[in-house]
$ cat query.cif   # mmCIF, C-alpha atoms
data_protein
loop_
_atom_site.label_atom_id
_atom_site.label_comp_id
_atom_site.auth_asym_id
_atom_site.auth_seq_id
_atom_site.Cartn_x
_atom_site.Cartn_y
_atom_site.Cartn_z
CA MET A 1 -11.23 -22.39 -45.16
CA LYS A 2 -11.47 -24.94 -42.36
CA LYS A 3 -7.84 -24.28 -41.48
CA LYS A 4 -8.46 -20.53 -41.16
CA PHE A 5 -11.56 -21.15 -39.07
CA PHE A 6 -9.60 -23.50 -36.80
CA MET A 7 -6.83 -20.91 -36.35
CA CYS A 8 -9.39 -18.24 -35.46
CA VAL A 9 -10.91 -20.53 -32.83
CA LEU A 10 -7.46 -21.20 -31.36
CA LEU A 11 -6.62 -17.49 -31.21
CA LEU A 12 -9.98 -16.67 -29.62
CA SER A 13 -9.51 -19.43 -27.05
CA ALA A 14 -6.02 -18.22 -26.20
CA THR A 15 -7.32 -14.67 -25.78
CA MET A 16 -10.10 -15.85 -23.45
CA VAL A 17 -7.61 -17.86 -21.38
CA LYS A 18 -5.31 -14.87 -21.07
CA ALA A 19 -8.22 -12.64 -20.10
CA GLN A 20 -9.15 -15.09 -17.36
CA GLU A 21 -5.57 -15.30 -16.05
CA LEU A 22 -5.06 -11.53 -15.93
CA ARG A 23 -7.46 -9.47 -13.81
CA TRP A 24 -7.69 -5.81 -12.83
CA GLY A 25 -9.53 -4.16 -9.99
CA ILE A 26 -9.94 -1.21 -7.66
CA THR A 27 -8.79 -1.20 -4.06
CA GLY A 28 -8.97 1.02 -1.00
CA GLY A 29 -8.57 0.94 2.74
CA VAL A 30 -7.00 2.34 5.88
CA ASN A 31 -3.35 2.77 6.92
CA LEU A 32 -2.00 2.71 10.46
CA SER A 33 1.43 4.27 10.03
CA SER A 34 3.96 4.19 12.85
CA PRO A 35 7.57 4.84 11.74
CA THR A 36 10.32 3.88 14.16
CA ASN A 37 10.74 6.48 16.95
CA TYR A 38 7.31 8.05 16.28
CA ASN A 39 3.67 7.56 17.29
CA LEU A 40 0.79 6.18 15.24
CA GLN A 41 -0.93 8.22 12.51
CA VAL A 42 -4.10 7.09 10.68
CA GLY A 43 -4.18 7.38 6.87
CA TYR A 44 -5.70 5.76 3.81
CA ASN A 45 -4.86 3.96 0.56
CA VAL A 46 -6.77 3.98 -2.74
CA GLY A 47 -5.76 2.77 -6.18
CA VAL A 48 -5.82 -0.01 -8.79
CA LYS A 49 -4.55 -3.57 -8.66
CA GLY A 50 -3.56 -6.20 -11.20
CA GLU A 51 -3.38 -9.95 -10.66
CA TYR A 52 -1.98 -12.70 -12.86
CA LEU A 53 -2.80 -16.31 -11.97
CA PHE A 54 -0.09 -18.61 -13.32
CA LYS A 55 -2.18 -21.78 -13.14
CA GLU A 56 -5.50 -21.99 -11.32
CA ASP A 57 -4.92 -25.56 -10.19
CA LYS A 58 -1.49 -24.65 -8.77
CA GLY A 59 -2.54 -21.55 -6.83
CA PHE A 60 0.49 -19.32 -7.47
CA TYR A 61 -0.11 -15.77 -8.65
CA LEU A 62 1.61 -12.43 -9.19
CA ASP A 63 -0.03 -9.19 -8.12
CA TRP A 64 0.97 -5.55 -8.37
CA GLY A 65 -0.69 -2.20 -7.94
CA ILE A 66 -0.38 1.54 -7.84
CA SER A 67 -2.07 3.58 -5.14
CA LEU A 68 -2.16 6.92 -3.38
CA SER A 69 -1.15 6.13 0.19
CA LYS A 70 -1.31 8.56 3.09
CA LYS A 71 1.24 7.81 5.79
CA GLY A 72 2.77 9.92 8.52
CA TRP A 73 3.37 10.14 12.24
CA LYS A 74 2.92 12.09 15.44
CA SER A 75 5.42 13.03 18.13
CA GLU A 76 4.86 12.86 21.86
CA TRP A 77 3.22 15.84 23.53
CA TYR A 78 5.79 18.24 24.99
CA TYR A 79 4.93 20.70 27.74
CA ASP A 80 6.58 24.13 27.79
CA GLN A 81 6.59 25.34 31.39
CA GLN A 82 7.49 28.89 30.41
CA GLU A 83 4.71 29.21 27.82
CA LYS A 84 2.45 26.82 29.72
CA THR A 85 1.39 25.05 26.53
CA SER A 86 1.55 21.48 25.22
CA THR A 87 2.79 20.94 21.66
CA GLN A 88 2.75 17.96 19.31
CA TRP A 89 4.38 17.69 15.87
CA LYS A 90 2.46 15.94 13.08
CA THR A 91 3.41 14.88 9.56
CA ASN A 92 1.06 13.78 6.77
CA ALA A 93 3.03 12.26 3.89
CA HIS A 94 1.31 11.13 0.67
CA TYR A 95 3.11 8.54 -1.45
CA LEU A 96 2.55 6.91 -4.82
CA ASN A 97 2.91 3.31 -3.66
CA ILE A 98 3.82 0.42 -6.01
CA PRO A 99 3.84 -3.10 -4.49
CA ILE A 100 4.89 -6.20 -6.46
CA HIS A 101 4.03 -9.48 -4.72
CA VAL A 102 4.12 -13.21 -5.36
CA GLY A 103 1.31 -15.09 -3.66
CA TYR A 104 -0.50 -18.37 -3.21
CA LYS A 105 -4.24 -19.14 -3.01
CA ILE A 106 -5.88 -22.02 -1.14
CA PRO A 107 -9.48 -22.87 -2.15
CA ALA A 108 -12.05 -23.16 0.65
CA GLY A 109 -15.13 -24.42 -1.15
CA GLU A 110 -16.56 -23.18 -4.44
CA LYS A 111 -16.89 -19.49 -3.55
CA PHE A 112 -14.05 -18.75 -1.13
CA SER A 113 -10.28 -18.94 -1.08
CA PHE A 114 -7.55 -17.79 1.28
CA PHE A 115 -4.42 -16.10 0.00
CA ALA A 116 -1.04 -14.86 1.17
CA SER A 117 1.60 -12.84 -0.65
CA VAL A 118 5.03 -11.29 -0.08
CA GLY A 119 7.26 -8.96 -2.05
CA PRO A 120 8.87 -5.54 -2.35
CA TYR A 121 7.21 -2.17 -2.53
CA PHE A 122 8.42 1.13 -3.95
CA GLY A 123 7.17 4.56 -2.92
CA VAL A 124 7.49 8.04 -4.43
CA GLY A 125 6.71 10.97 -2.15
CA LEU A 126 4.21 13.39 -3.68
CA PHE A 127 3.11 15.93 -1.08
CA GLY A 128 2.43 16.40 2.62
CA LYS A 129 2.57 18.90 5.47
CA TYR A 130 4.52 19.16 8.70
CA LYS A 131 2.66 20.94 11.52
CA ALA A 132 3.13 21.97 15.12
CA VAL A 133 -0.14 21.65 17.02
CA SER A 134 -0.59 23.11 20.50
CA ASP A 135 -3.57 23.69 22.75
CA LYS A 136 -3.49 27.32 21.62
CA SER A 137 -2.62 27.27 17.90
CA GLU A 138 -1.64 25.26 14.82
CA THR A 139 1.39 26.22 12.71
CA THR A 140 2.46 24.77 9.35
CA LEU A 141 6.23 24.28 9.45
CA ALA A 142 6.58 22.76 5.96
CA LYS A 143 4.09 22.93 3.09
CA ASN A 144 5.73 20.00 1.26
CA VAL A 145 7.74 17.69 3.48
CA PHE A 146 9.50 16.08 0.51
CA ASN A 147 10.99 19.42 -0.51
CA ASP A 148 12.21 20.28 2.98
CA TYR A 149 13.28 17.37 5.17
CA MET A 150 11.99 13.99 3.95
CA ASN A 151 13.48 11.64 1.35
CA ARG A 152 11.22 11.46 -1.69
CA PHE A 153 11.88 7.79 -2.45
CA ASP A 154 11.05 4.87 -0.19
CA TRP A 155 11.25 1.10 -0.53
CA GLY A 156 10.87 -1.99 1.59
CA LEU A 157 9.19 -5.38 1.98
CA GLY A 158 5.52 -6.20 2.41
CA ALA A 159 3.27 -9.13 3.27
CA ARG A 160 -0.49 -9.67 2.84
CA LEU A 161 -3.10 -12.13 4.14
CA GLY A 162 -6.69 -12.24 3.02
CA VAL A 163 -9.79 -13.98 1.77
CA GLU A 164 -11.41 -13.90 -1.69
CA CYS A 165 -15.15 -14.32 -2.26
CA MET A 166 -16.78 -15.37 -5.56
CA LYS A 167 -13.49 -14.58 -7.39
CA HIS A 168 -14.26 -10.84 -7.29
CA PHE A 169 -14.19 -9.51 -3.71
CA GLN A 170 -11.04 -9.52 -1.58
CA VAL A 171 -10.52 -8.44 2.03
CA SER A 172 -6.93 -8.32 3.23
CA VAL A 173 -4.58 -7.07 5.92
CA GLY A 174 -0.90 -6.37 5.43
CA TYR A 175 2.28 -4.89 6.78
CA ASP A 176 4.99 -2.89 4.99
CA TRP A 177 8.48 -2.80 6.47
CA GLY A 178 10.45 0.17 5.15
CA LEU A 179 14.18 -0.29 4.52
CA LYS A 180 15.13 3.29 3.65
CA LYS A 181 15.48 6.26 6.01
CA ILE A 182 12.58 8.66 5.59
CA ARG A 183 14.41 11.82 6.71
CA HIS A 184 17.41 13.71 5.34
CA ASP A 185 19.22 14.32 8.63
CA LYS A 186 21.90 11.81 9.57
CA LEU A 187 20.94 11.67 13.25
CA ASN A 188 17.44 10.34 12.53
CA ASP A 189 17.28 6.81 11.13
CA SER A 190 13.48 6.37 11.23
CA LYS A 191 11.95 4.08 8.60
CA ASN A 192 8.35 3.59 7.52
CA ARG A 193 6.29 0.95 9.30
CA ASN A 194 2.74 0.62 8.00
CA PHE A 195 -0.14 -1.72 8.82
CA ASN A 196 -3.01 -1.64 6.33
CA ALA A 197 -6.44 -3.16 5.77
CA SER A 198 -7.98 -3.10 2.30
CA VAL A 199 -11.04 -4.11 0.30
CA THR A 200 -10.62 -4.94 -3.41
CA TYR A 201 -13.02 -5.62 -6.26
CA LEU A 202 -11.57 -7.51 -9.25
CA PHE A 203 -13.35 -7.31 -12.60
#
$ encode --input "query.cif" --output "structure tokens"
Amino acid sequence: MKKKFFMCVLLLSATMVKAQELRWGITGGVNLSSPTNYNLQVGYNVGVKGEYLFKEDKGFYLDWGISLSKKGWKSEWYYDQQEKTSTQWKTNAHYLNIPIHVGYKIPAGEKFSFFASVGPYFGVGLFGKYKAVSDKSETTLAKNVFNDYMNRFDWGLGARLGVECMKHFQVSVGYDWGLKKIRHDKLNDSKNRNFNASVTYLF
């Protein structure tokens, strides 16, 4: 009887330890997307995040997530002397973004810690529009950019810096460096470049 009770206590303790090491949360923020050869476009990111702390006294951790991320770009304004209009081309591209990072935390008192992480990300294009906007009209050139002229899959490297408060709230900034061409055509070698700022709550 005592042996069974002891085993139950051990199993319960192990479960509690695992629960403390593995955390889940919700995250959201803003994207500043500026692929090579294009101008800045403002977007957003929202999703869920997981974090596994290997050993609290060592500081190393693994984090991953899945989020809906709006990226895109704008062209320069072009003036048509014949039509006497200025036109700009805009793209809004929504991805399912999956980052996998290894990081390190440095305690700063009892309630705060600083952290940094690096690792790859993978993106799957879901939907988005390509538009021509002039001072006279707005025309949709593609209803789904991933069906017409953009590569659906994207991948690259990312880095994050941030601060954690009371082991629940995180504020971070990061940068994702795309390694794959985002367009089908061979003459355009643009790749995603995305700065982001996010707020996370871990349960």
$ resolve_selection --input "query.cif" --expression "the PyMOL selection byres ((chain A and resi 25) around 9)" --output "list in words"
Arg23, Trp24, Ile26, Thr27, Gly47, Val48, Lys49, Gly50, Glu51, His168, Thr200, Tyr201, Leu202 and Phe203 of chain A
$ write_last_selection --input "query.cif" --atoms "C-alpha atoms" --output "mmCIF file, in the frame of the given file"
data_model
loop_
_atom_site.group_PDB
_atom_site.id
_atom_site.type_symbol
_atom_site.label_atom_id
_atom_site.label_comp_id
_atom_site.auth_asym_id
_atom_site.auth_seq_id
_atom_site.Cartn_x
_atom_site.Cartn_y
_atom_site.Cartn_z
ATOM 1 C CA ARG A 23 -7.460 -9.470 -13.810
ATOM 2 C CA TRP A 24 -7.690 -5.810 -12.830
ATOM 3 C CA ILE A 26 -9.940 -1.210 -7.660
ATOM 4 C CA THR A 27 -8.790 -1.200 -4.060
ATOM 5 C CA GLY A 47 -5.760 2.770 -6.180
ATOM 6 C CA VAL A 48 -5.820 -0.010 -8.790
ATOM 7 C CA LYS A 49 -4.550 -3.570 -8.660
ATOM 8 C CA GLY A 50 -3.560 -6.200 -11.200
ATOM 9 C CA GLU A 51 -3.380 -9.950 -10.660
ATOM 10 C CA HIS A 168 -14.260 -10.840 -7.290
ATOM 11 C CA THR A 200 -10.620 -4.940 -3.410
ATOM 12 C CA TYR A 201 -13.020 -5.620 -6.260
ATOM 13 C CA LEU A 202 -11.570 -7.510 -9.250
ATOM 14 C CA PHE A 203 -13.350 -7.310 -12.600
#
$ residues_around --input "query.cif" --residues "A:Leu22" --least-positions-apart "4" --cutoff "10 Å" --atoms "all atoms listed in the file" --output "PDB file with C-alpha atoms, keeping the file's coordinate frame"
ATOM      1  CA  VAL A  17      -7.610 -17.860 -21.380  1.00  0.00           C
ATOM      2  CA  LYS A  18      -5.310 -14.870 -21.070  1.00  0.00           C
ATOM      3  CA  GLY A  50      -3.560  -6.200 -11.200  1.00  0.00           C
ATOM      4  CA  GLU A  51      -3.380  -9.950 -10.660  1.00  0.00           C
ATOM      5  CA  TYR A  52      -1.980 -12.700 -12.860  1.00  0.00           C
ATOM      6  CA  LEU A  53      -2.800 -16.310 -11.970  1.00  0.00           C
ATOM      7  CA  PHE A  54      -0.090 -18.610 -13.320  1.00  0.00           C
ATOM      8  CA  TYR A  61      -0.110 -15.770  -8.650  1.00  0.00           C
ATOM      9  CA  LEU A  62       1.610 -12.430  -9.190  1.00  0.00           C
ATOM     10  CA  ASP A  63      -0.030  -9.190  -8.120  1.00  0.00           C
ATOM     11  CA  PHE A 203     -13.350  -7.310 -12.600  1.00  0.00           C
TER      12      PHE A 203
END
$ closest_residue --input "query.cif" --among "A:Ser75, A:Asn151, A:Ser67, A:Thr139" --to "A:Gln41" --atoms "all atoms listed in the file"
A:Ser75
$ resolve_selection --input "query.cif" --expression "the PyMOL selection byres ((chain A and resi 194) around 9)" --output "number ranges by chain"
A: 31-35, 71, 174-178, 192-193, 195-196
$ atom_distance --input "query.cif" --atom1 "atom CA of A:Leu161" --atom2 "atom CA of A:Pro120"
15.1 Å
$ closest_residue --input "query.cif" --among "A:Cys165, A:Ile98, A:Asn37, A:Gly65" --to "A:Ile182" --atoms "all atoms listed in the file"
A:Asn37
$ closest_residue --input "query.cif" --among "A:Phe114, A:Tyr121, A:Tyr38, A:Phe127" --to "A:Trp73" --atoms "all atoms listed in the file"
A:Tyr38
$ resolve_selection --input "query.cif" --expression "the PyMOL selection byres ((chain A and resi 162) around 10)" --output "list in words"
Lys105, Ser113, Phe114, Phe115, Ala116, Ser117, Arg160, Leu161, Val163, Glu164, Gln170, Val171, Ser172, Val173, Gly174, Ala197, Ser198 and Val199 of chain A
$ closest_residue --input "query.cif" --among "A:Phe112, A:Tyr104, A:Phe169, A:Tyr95" --to "A:Lys58" --atoms "all atoms listed in the file"
A:Tyr104
$ atom_distance --input "query.cif" --atom1 "atom CA of A:Val30" --atom2 "atom CA of A:Gln88"
22.8 Å
$ residues_around --input "query.cif" --residues "A:Asp135" --least-positions-apart "3" --cutoff "8 Å" --atoms "all atoms listed in the file" --output "list in words"
Thr85, Ser86 and Thr87 of chain A
